[in-house]
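Visitor: This structure is in structure tokens; I'll ask about it shortly.
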Amino acid sequence: MVMAIMFLVCAILGLVGFLWAPQSRLTPAYWLPFAASVITNCIGNFCYLSALQRTPVSLVGASAGLMPVFAALTAWLILGETLTDKQWLGIVLSFIGLVITYIPARATAVERHDFGAFFKHRGAGLLLLAMAAWSAAIPFDKQAAQAASVPLHMLLIYAALSTVAFTSLWYRDPHALRHLATRDLTIIGAAGLLRGL
């Protein structure tokens, strides 16, 4: 519900930007990165929401810190960007830091440390997949925006993501929006406004 409403507000802002300064440039090269962005964003969103139901909030927050790591890796894989030795070292150290953070305290002095504790959390894999998917969407958005005007891409991508989110929400509970309090709608709408701006 949160994503559906936020994305709808962002789509409206994209429409306002498009109407404010109509730039209708849309080349055939737009549609493939657009579709890839929609797919990767949806994978990221659904994995993230699923992980939130299975994982401690502290793990969700710590895993979100890997976004720059996955952004660098996807730029290397998808856009062919070159990573320096220091960047590779930073990627490795970021993963190690996350794993170390979740090593539980030992009950006794002879007990071994559990270095795989992070990966034993039910939502850890989902969080890593969400970060990877969201990071992969960034270069696809970059490619799409180069093949179309930015306001038009913003309008189309958020309209697509909002449609997927509302469809998913309706499939799970056709009356879900009726239970949304005005205060909640205001907060979600404000968050969408800030994201869109």
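In the structure tokens, the first chain shown is A, the next is B, and so on; residue numbers restart at 1 for each chain, and ligands run from 1 in the order shown.
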What residues in stretch 80-115 of chain A get the DSSP label helix (DSSP H, G or I)? Please answer as a VMD selection string.
Guide: chain A and resid 85 to 101
Visitor: Using only C-alpha atoms, what table do you get, as a Markdown table, when you list each residue of stretch 21-59 of chain A with an atom no more than 12 Å from stretch 130-138 of chain A, its nearest pair of atoms, and their distance in Å rounded to one decimal, rows by chain then rising number?
Guide:
```
| residue | atom | partner | partner_atom | distance |
| --- | --- | --- | --- | --- |
| A:Pro33 | CA | A:Ala137 | CA | 8.7 |
| A:Phe34 | CA | A:Ala137 | CA | 9.2 |
| A:Ala35 | CA | A:Ala137 | CA | 9.9 |
| A:Ala36 | CA | A:Ala137 | CA | 7.2 |
| A:Ser37 | CA | A:Ala137 | CA | 4.7 |
| A:Val38 | CA | A:Ala137 | CA | 7.7 |
| A:Ile39 | CA | A:Ala137 | CA | 8.3 |
| A:Thr40 | CA | A:Ala133 | CA | 4.9 |
| A:Asn41 | CA | A:Trp134 | CA | 5.6 |
| A:Cys42 | CA | A:Ala133 | CA | 8.4 |
| A:Ile43 | CA | A:Ala133 | CA | 6.3 |
| A:Gly44 | CA | A:Ala130 | CA | 3.9 |
| A:Asn45 | CA | A:Ala130 | CA | 6.7 |
| A:Phe46 | CA | A:Ala130 | CA | 7.8 |
| A:Cys47 | CA | A:Ala130 | CA | 5.3 |
| A:Tyr48 | CA | A:Ala130 | CA | 5.5 |
| A:Leu49 | CA | A:Ala130 | CA | 9.2 |
| A:Ser50 | CA | A:Ala130 | CA | 9.8 |
| A:Ala51 | CA | A:Ala130 | CA | 8.9 |
| A:Leu52 | CA | A:Ala130 | CA | 11.1 |
```
Visitor: Leaving out A:Leu77 and any residue of its chain fewer than 3 positions from it, which residues lie within 12 Å of it when counting only C-alpha atoms, given as a short mmCIF file (atom, residue, chain, number, x, y, z; two decimals) with C-alpha atoms, in the first residue's frame?
Guide:
```cif
data_model
loop_
_atom_site.label_atom_id
_atom_site.label_comp_id
_atom_site.auth_asym_id
_atom_site.auth_seq_id
_atom_site.Cartn_x
_atom_site.Cartn_y
_atom_site.Cartn_z
CA PHE A 70 25.63 -3.35 -5.22
CA ALA A 71 25.44 -0.12 -7.24
CA ALA A 72 29.17 -0.37 -7.92
CA LEU A 73 28.88 -4.06 -8.82
CA THR A 74 25.94 -3.53 -11.19
CA GLY A 80 31.11 -1.95 -18.05
CA GLU A 81 32.53 0.60 -15.61
CA THR A 82 35.98 -0.13 -14.23
CA LEU A 83 36.39 -0.53 -10.47
CA ALA A 132 20.99 -6.11 -5.86
CA SER A 135 20.97 -1.30 -7.63
CA ALA A 136 20.49 -2.96 -11.02
CA PRO A 139 21.79 1.85 -14.65
CA PHE A 140 18.61 0.76 -16.46
#
```
Visitor: Using only C-alpha atoms, which of the listed residues (A:Thr84, A:Val99, A:Leu128, A:Asp141) sits closest to A:Asp114?
Guide: A:Val99
Visitor: Which of these residues is nearest to A:Gly17, using only C-alpha atoms: A:Arg195, A:Ser168, A:Ala159, A:Pro151?
Guide: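 Of A:Arg195, A:Ser168, A:Ala159, A:Pro151, the one nearest A:Gly17, counting only C-alpha atoms, is A:Pro151.
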Visitor: Identify which of the residues A:Leu127, A:Ala29, A:Ala105, A:Leu19 lies closest to A:Val57, counting only C-alpha atoms when measuring atom-to-atom distances.
Guide: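 Going through A:Leu127, A:Ala29, A:Ala105, A:Leu19 one by one, the smallest distance to A:Val57 is for A:Leu127.
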Visitor: Can you list, as a list in words, every protein, DNA or RNA residue that comes within 8 Å of A:Met1 when you count only C-alpha atoms, leaving out same-chain residues fewer than 4 positions away?
Guide: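 The residues that qualify are Ile5, Ala165, Phe166, Leu169, Ala176 and Leu177 of chain A.
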Visitor: Keeping C-alpha atoms, export the residues of the selection given above as a tab-separated table (two decimals), in the first residue's frame.
Guide:
```tsv
chain	number	residue	atom	x	y	z
A	5	ILE	CA	0.57	5.41	-3.03
A	165	ALA	CA	1.72	-2.28	-6.55
A	166	PHE	CA	-2.03	-1.47	-6.70
A	169	LEU	CA	-2.60	-4.91	-3.20
A	176	ALA	CA	-7.35	-2.52	1.73
A	177	LEU	CA	-7.52	1.18	0.86
```
Visitor: Find the residue from A:Ala145, A:Val69, A:Thr101, A:Phe7 that sits nearest to A:Leu89; use only C-alpha atoms when measuring.
Guide: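 Under the stated criterion, the closest residue is A:Val69.
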Visitor: Have a look at atom CA of A:Thr27 and atom CA of A:Met6 and let me know their distance in Å, one decimal.
Guide: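 For atom CA of A:Thr27 relative to atom CA of A:Met6, the distance reads 27.5 Å.
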Visitor: Using only C-alpha atoms, which protein or nucleic acid residues come within 9 Å of A:Leu59? Drop anything in the same chain fewer than 3 positions from it, and give the result as a list in words.
Guide: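 Once the adjacent positions are removed, what remains is Thr55, Pro56, Ala62, Ser63, Ala64, Leu98, Tyr102, Phe118, His121, Gly123, Ala124 and Leu127 of chain A.
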Visitor: Which distance in Å separates atom CA of A:Gly196 and atom CA of A:Leu13, to one decimal?
Guide: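 Atom CA of A:Leu13 lies at a distance of 6.3 Å from atom CA of A:Gly196.
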Visitor: Quick one: of A:Gln146, A:Arg54, A:Leu156, A:Met67, who's nearest to A:Gly125, counting only C-alpha atoms?
Guide: A:Arg54
